[in-house]
There are 2 protein chains.
Amino acid sequence: MNAVMHKPSVEHETTVAAKARSGRGNAIAVAQFGLGPIGIEALRLAAATPWAWVVGGVDIDPAKVGRDLGELTGEPSLAGARVYHSVEALMRDVRPDVVLHTAGSRAVAAMEQMAPMVMAGVSVVSSCEELLYPYRRAPRQARAFNALCEHHDARVVGTGVNPGFVMDVLPVCLTGVSRSVRGIYVERVVNASTRRLPLQRKIGSGLDPEEFRALFRAGKAGHAGFQESAALVAHSMGWLVERIVETCEPVVADHDISTDHFQVRRGLTCGLHQQVEAILADGSKTLKMDLKMYLDAADPHDAIRIDGDPAIHAHIPGGVAGDAATVAALLNAIPRLLKSPAGLRLMTELPVPSIAPVI
Amino acid sequence: MNAVMHKPSVEHETTVAAKARSGRGNAIAVAQFGLGPIGIEALRLAAATPWAWVVGGVDIDPAKVGRDLGELTGEPSLAGARVYHSVEALMRDVRPDVVLHTAGSRAVAAMEQMAPMVMAGVSVVSSCEELLYPYRRAPRQARAFNALCEHHDARVVGTGVNPGFVMDVLPVCLTGVSRSVRGIYVERVVNASTRRLPLQRKIGSGLDPEEFRALFRAGKAGHAGFQESAALVAHSMGWLVERIVETCEPVVADHDISTDHFQVRRGLTCGLHQQVEAILADGSKTLKMDLKMYLDAADPHDAIRIDGDPAIHAHIPGGVAGDAATVAALLNAIPRLLKSPAGLRLMTELPVPSIAPVI
């Protein structure tokens with residue numbers, strides 16, 4: 001193939017891109033960056049979404065590059081869309097309106113990966129946890145990236161179920177009818193036995209408790225993006241954060257536990273108990289979040305308490321499931337993001353979350 | 001005072017308006033249209049809101065025209081702002097950025113009242129229940145009004161607690177992480193004994209049950225805006241509504257009830273049970289809402305059930321209080337509305353609801 005012939009200009013549009021535009025009317029052309037389990041799941045949901053037209057995927061894994069997405073996902077309707085080794089390679093063949101980015105938790109790395117997309121004017125919805133509120137850990141880079149997005153008329157947002165919804169966007173939403181808010185407390189208990197392998201691994205299943213603590217301190221275990229949830233809520237309340245204190249302790253199995261993926265003996269780690277507290281400049285306000293994810297957890301739920309006028313307690317028995325819903329959060333954000341002003345957006349700046357209807 | 005001298009042009013800006021701009025930095029200049037109980041309550045909350053600068057009020061009641069808002073509301077910080085008999089009269093003296101409109105439930109009447117504001121480029125947040133989704137009862141007028149807003153660069157939205165939040169915006173928000181939604185069911189039970197006189201009256205307290213039924217059929221009793229809640233949810237889901245069936249039955253007191261405002265004997269009306277069901281073009285989807293507001297109601301609550309993938313049940317014990325929170329919903333919508341594109345907006349088009357922080 002001749003790269004010069006296939007650069008993404010209107011004149012040299014390829015068959016696939018032309019088909020994407022002409023054959024699908026108002027459909028939104030979507031490319032998937034990162035073909036791990038979440039990326040594959042996102043593609044399957046996109047295949048079932050009338051307004052989404054999947055034009056290709058990107059992954060650095062040589063075993064995936066060149067393969068057909070129909071075959072890789074088991075979704076016949078994706079046949080003809082291919083896996084490329086880079087965004088640049090994909091853009092020589094097709095022109096996505098938006099990229100779904102599911103490759104890593106770190107804001108700085110994500111923004112570096114997204115820069116070529118943004119510079120081509122392509123918008124991005126990302127599952128990168130730190131991107132929920134990138135000003136927390138990478139304020140300088142986030143401001144520069146926001147300027148890059150504005151300059152190239154691209155929109156980027158980080159979202160998901162957690163972070164991205166239950167512990168941040170939903171609590172903020174509940175304050176929409178508040179006269180005053182003194183404090184916000186969010187609690188989530190996840191029964192990890194019902195969740196897939198990567199989650200059971202990241203909560204430390206089967207590790208010696210000391211080993212888990214060391215991994216958490218090294219940033220290699222635990223729930224990513226928790227500080228970002230707290231920072232986004234504080235930002236939305238107009239509360240100035242002095243610092244955020246984050247702790248994570250192993251939950252130790254009090255009985256032998258067996259899942260599809262792990263055998264955890266009594267005394268070993270079967271999950272985590274992670275907490276964040278934002279220390280606010282206004283000492284009269286409080287903001288705390290409490291997350292337990294462990295095997296055989298009893299009474300999984302999400303609970304949000306708005307201390308204020310009026311007081312609001314919201315309870316979601318069972319909790320919002322993270323795995324399948326995460327890719328829905330990504331897909332659902334696309335139409336709202338594309339209608340928003342250019343820039344590095346926050347979820348709270350987009351219109352009210354909603355399943356994206358047929359458009 | 002010479003009206004010609006005080007027309008709202010930049011050159012002839014009056015002292016009050018100049019003070020509003022120069023003295024309050026980035027404050028948003030707010031005028032109140034309708035000085036009934038809700039309007040007065042909105043002004044009191046605005047007086048306590050750092051970013052809001054109250055510049056005046058409008059009411060047709062001759063007993064109120066000309067009075068000082070500081071004296072009328074008991075809020076010393078509002079002293080100097082006056083009550084005018086019309087928007088035109090107010091605009092000769094001051095230039096609001098936004099008007100809080102709390103005068104009636106009917107969309108057509110509200111749009112007529114708002115037209116002079118919009119034509120002056122002034123935005124409006126309204127408690128008018130039908131304005132939540134004006135395309136339900138007044139599609140032609142709503143489209144024309146939207147065009148008027150766009151032409152004059154004004155923004156208008158209808159909101160509140162119910163309609164405006166618990167039975168429409170919040171259920172929509174919960175679908176933000178949905179892969180698919182088959183049905184939505186929302187239930188609200190309000191203990192009207194704890195609520196103020198106008199609510200106790202509109203639910204029919206003390207009426208003969210047949211008298212209540214006749215009043216509801218005549219559109220003179222019951223909860224306004226219920227069909228609009230259902231229509232807004234259906235719109236957000238992309239569900240085509242064939243028709244909406246609304247019913248309202250009196251709740252009959254099974255014991256003598258005494259409140260601060262009413263004595264209701266056993267056998268008489270102590271509240272209402274109102275239901276809406278949207279009949280959808282896609283018969284596989286369901287959308288139902290159930291509202292009970294009655295004196296001495298046990299277990300007041302809000303409950304939202306999203307039938308879909310994932311299933312989500314949210315429960316708010318006690319429910320979101322309507323009276324005090326309604327004016328908060330109005331105030332909180334202002335900053336989000338002013339950042340939105342010009343037009344007649346829906347709440348679901350504005351960014352995620354949030355208490356409006358200091359700006």
# chains A, B, ... in the order shown; residues from 1 in each chain; ligands from 1
>>> closest_atom_pairs(of="chain A", to="chain B", cutoff="6 Å", atoms="only C-alpha atoms", output="tab-separated table")
residue	atom	partner	partner_atom	distance
A:Val172	CA	B:Ser354	CA	5.5
A:Cys173	CA	B:Pro353	CA	4.7
A:Thr175	CA	B:Ser354	CA	5.0
A:Gly176	CA	B:Ser354	CA	3.9
A:Val177	CA	B:Ala329	CA	4.5
A:Ser178	CA	B:Ala328	CA	5.7
A:Arg179	CA	B:Ala328	CA	4.9
A:Met237	CA	B:Pro357	CA	5.3
A:Gly238	CA	B:Pro357	CA	4.7
A:His313	CA	B:Ile316	CA	5.6
A:Ala314	CA	B:Ile316	CA	4.6
A:His315	CA	B:His315	CA	5.2
A:Ile316	CA	B:Ala314	CA	4.6
A:Ala325	CA	B:Val177	CA	5.2
A:Ala328	CA	B:Arg179	CA	4.9
A:Ala329	CA	B:Val177	CA	4.5
A:Thr348	CA	B:Val352	CA	5.2
A:Glu349	CA	B:Pro351	CA	5.1
A:Leu350	CA	B:Pro351	CA	4.9
A:Pro351	CA	B:Pro351	CA	3.8
A:Val352	CA	B:Val352	CA	4.5
A:Pro353	CA	B:Gly176	CA	4.4
A:Ser354	CA	B:Gly176	CA	3.9
A:Ile355	CA	B:Gly176	CA	4.9
A:Pro357	CA	B:Gly238	CA	4.7
>>> atom_distance(atom1="atom CA of A:Arg243", atom2="atom CA of A:Ala278")
6.0 Å
>>> select_by_dssp(residues="stretch 58-172 of chain B", states="helix (DSSP H, G or I)", output="JSON, numbers by chain")
{"B": [69, 70, 71, 72, 73, 76, 77, 78, 87, 88, 89, 90, 91, 92, 93, 107, 108, 109, 110, 111, 112, 113, 114, 115, 116, 117, 118, 119, 129, 130, 131, 132, 139, 140, 141, 142, 143, 144, 145, 146, 147, 148, 149, 150, 151, 169, 170, 171, 172]}
>>> residues_around(residues="stretch 139-145 of chain B", least_positions_apart="6", cutoff="10 Å", atoms="only C-alpha atoms", output="compact mmCIF listing (two decimals) with C-alpha atoms, in the first residue's frame")
# COMPACT_ATOMS: atom_id res chain seq x y z
CA ALA B 107 -45.81 26.57 28.98
CA VAL B 108 -47.67 28.83 26.56
CA MET B 111 -43.34 31.72 26.96
CA GLU B 112 -45.54 34.77 26.41
CA MET B 114 -40.71 35.52 28.80
CA ALA B 115 -40.75 36.87 25.25
CA VAL B 118 -35.66 36.98 25.60
CA LEU B 131 -41.50 24.17 30.37
CA TYR B 133 -40.44 19.65 28.07
CA HIS B 151 -32.07 34.97 17.40
CA VAL B 156 -34.24 29.51 28.69
CA GLY B 343 -32.09 28.50 22.69
CA LEU B 344 -34.90 26.90 24.63
>>> select_by_dssp(residues="stretch 8-247 of chain A", states="strand (DSSP E)", output="ChimeraX atom specification")
/A:28-33,52-58,82-84,98-101,123-126,155-158,180-191,241-247
>>> atom_distance(atom1="atom CA of A:Ile38", atom2="atom CA of A:Gln263")
24.3 Å
>>> closest_residue(among="B:Ala224, B:Ile40, B:Ala231, B:Pro163", to="B:Gly104", atoms="only C-alpha atoms")
B:Ala224
>>> residues_around(residues="B:Val264", least_positions_apart="5", cutoff="6 Å", atoms="only C-alpha atoms", output="PyMOL selection string")
chain B and resi 206+256-257
>>> atom_distance(atom1="atom CA of B:Asp61", atom2="atom CA of B:Glu75")
20.3 Å
>>> residues_around(residues="B:Ser126", least_positions_apart="3", cutoff="6 Å", atoms="only C-alpha atoms", output="VMD selection string")
chain B and resid 100 to 102 158
>>> write_last_selection(atoms="all heavy atoms", output="short mmCIF file (atom, residue, chain, number, x, y, z; two decimals), in the first residue's frame")
data_model
loop_
_atom_site.label_atom_id
_atom_site.label_comp_id
_atom_site.auth_asym_id
_atom_site.auth_seq_id
_atom_site.Cartn_x
_atom_site.Cartn_y
_atom_site.Cartn_z
N LEU B 100 -35.22 34.87 37.11
CA LEU B 100 -35.86 33.68 37.70
C LEU B 100 -37.36 33.87 37.56
O LEU B 100 -37.91 34.82 38.11
CB LEU B 100 -35.48 33.55 39.17
CG LEU B 100 -34.06 33.10 39.48
CD1 LEU B 100 -33.87 33.00 40.99
CD2 LEU B 100 -33.75 31.77 38.82
N HIS B 101 -37.99 32.97 36.83
CA HIS B 101 -39.41 33.09 36.52
C HIS B 101 -40.17 32.06 37.33
O HIS B 101 -40.00 30.85 37.14
CB HIS B 101 -39.60 32.87 35.01
CG HIS B 101 -41.03 32.80 34.57
ND1 HIS B 101 -41.74 31.61 34.54
CD2 HIS B 101 -41.88 33.76 34.13
CE1 HIS B 101 -42.96 31.86 34.10
NE2 HIS B 101 -43.07 33.15 33.84
N THR B 102 -40.99 32.52 38.27
CA THR B 102 -41.78 31.62 39.11
C THR B 102 -43.22 32.13 39.10
O THR B 102 -43.68 32.74 40.05
CB THR B 102 -41.24 31.58 40.56
OG1 THR B 102 -41.27 32.91 41.09
CG2 THR B 102 -39.82 31.06 40.61
N GLY B 158 -36.59 25.24 31.86
CA GLY B 158 -37.54 24.99 32.94
C GLY B 158 -37.01 23.89 33.84
O GLY B 158 -36.56 22.85 33.34
#
>>> residues_around(residues="stretch 279-286 of chain A", least_positions_apart="5", cutoff="8 Å", atoms="only C-alpha atoms", output="ChimeraX atom specification")
/A:181-185,239-245
>>> residues_around(residues="B:Ser205", least_positions_apart="4", cutoff="8 Å", atoms="only C-alpha atoms", output="list in words")
Gln200, Arg201, Phe262, Val264, Leu268, Thr269, Cys270, Gly271 and Leu295 of chain B
>>> write_last_selection(atoms="C-alpha atoms", output="JSON list (two decimals), in the first residue's frame")
[["chain", "number", "residue", "atom", "x", "y", "z"],
["B", 200, "GLN", "CA", -51.50, 20.66, 50.79],
["B", 201, "ARG", "CA", -54.11, 22.55, 48.80],
["B", 262, "PHE", "CA", -56.07, 21.63, 57.24],
["B", 264, "VAL", "CA", -59.31, 16.44, 57.17],
["B", 268, "LEU", "CA", -62.39, 13.00, 52.73],
["B", 269, "THR", "CA", -59.47, 13.56, 50.38],
["B", 270, "CYS", "CA", -56.06, 13.73, 52.08],
["B", 271, "GLY", "CA", -53.93, 13.62, 48.97],
["B", 295, "LEU", "CA", -51.11, 13.77, 54.50]]
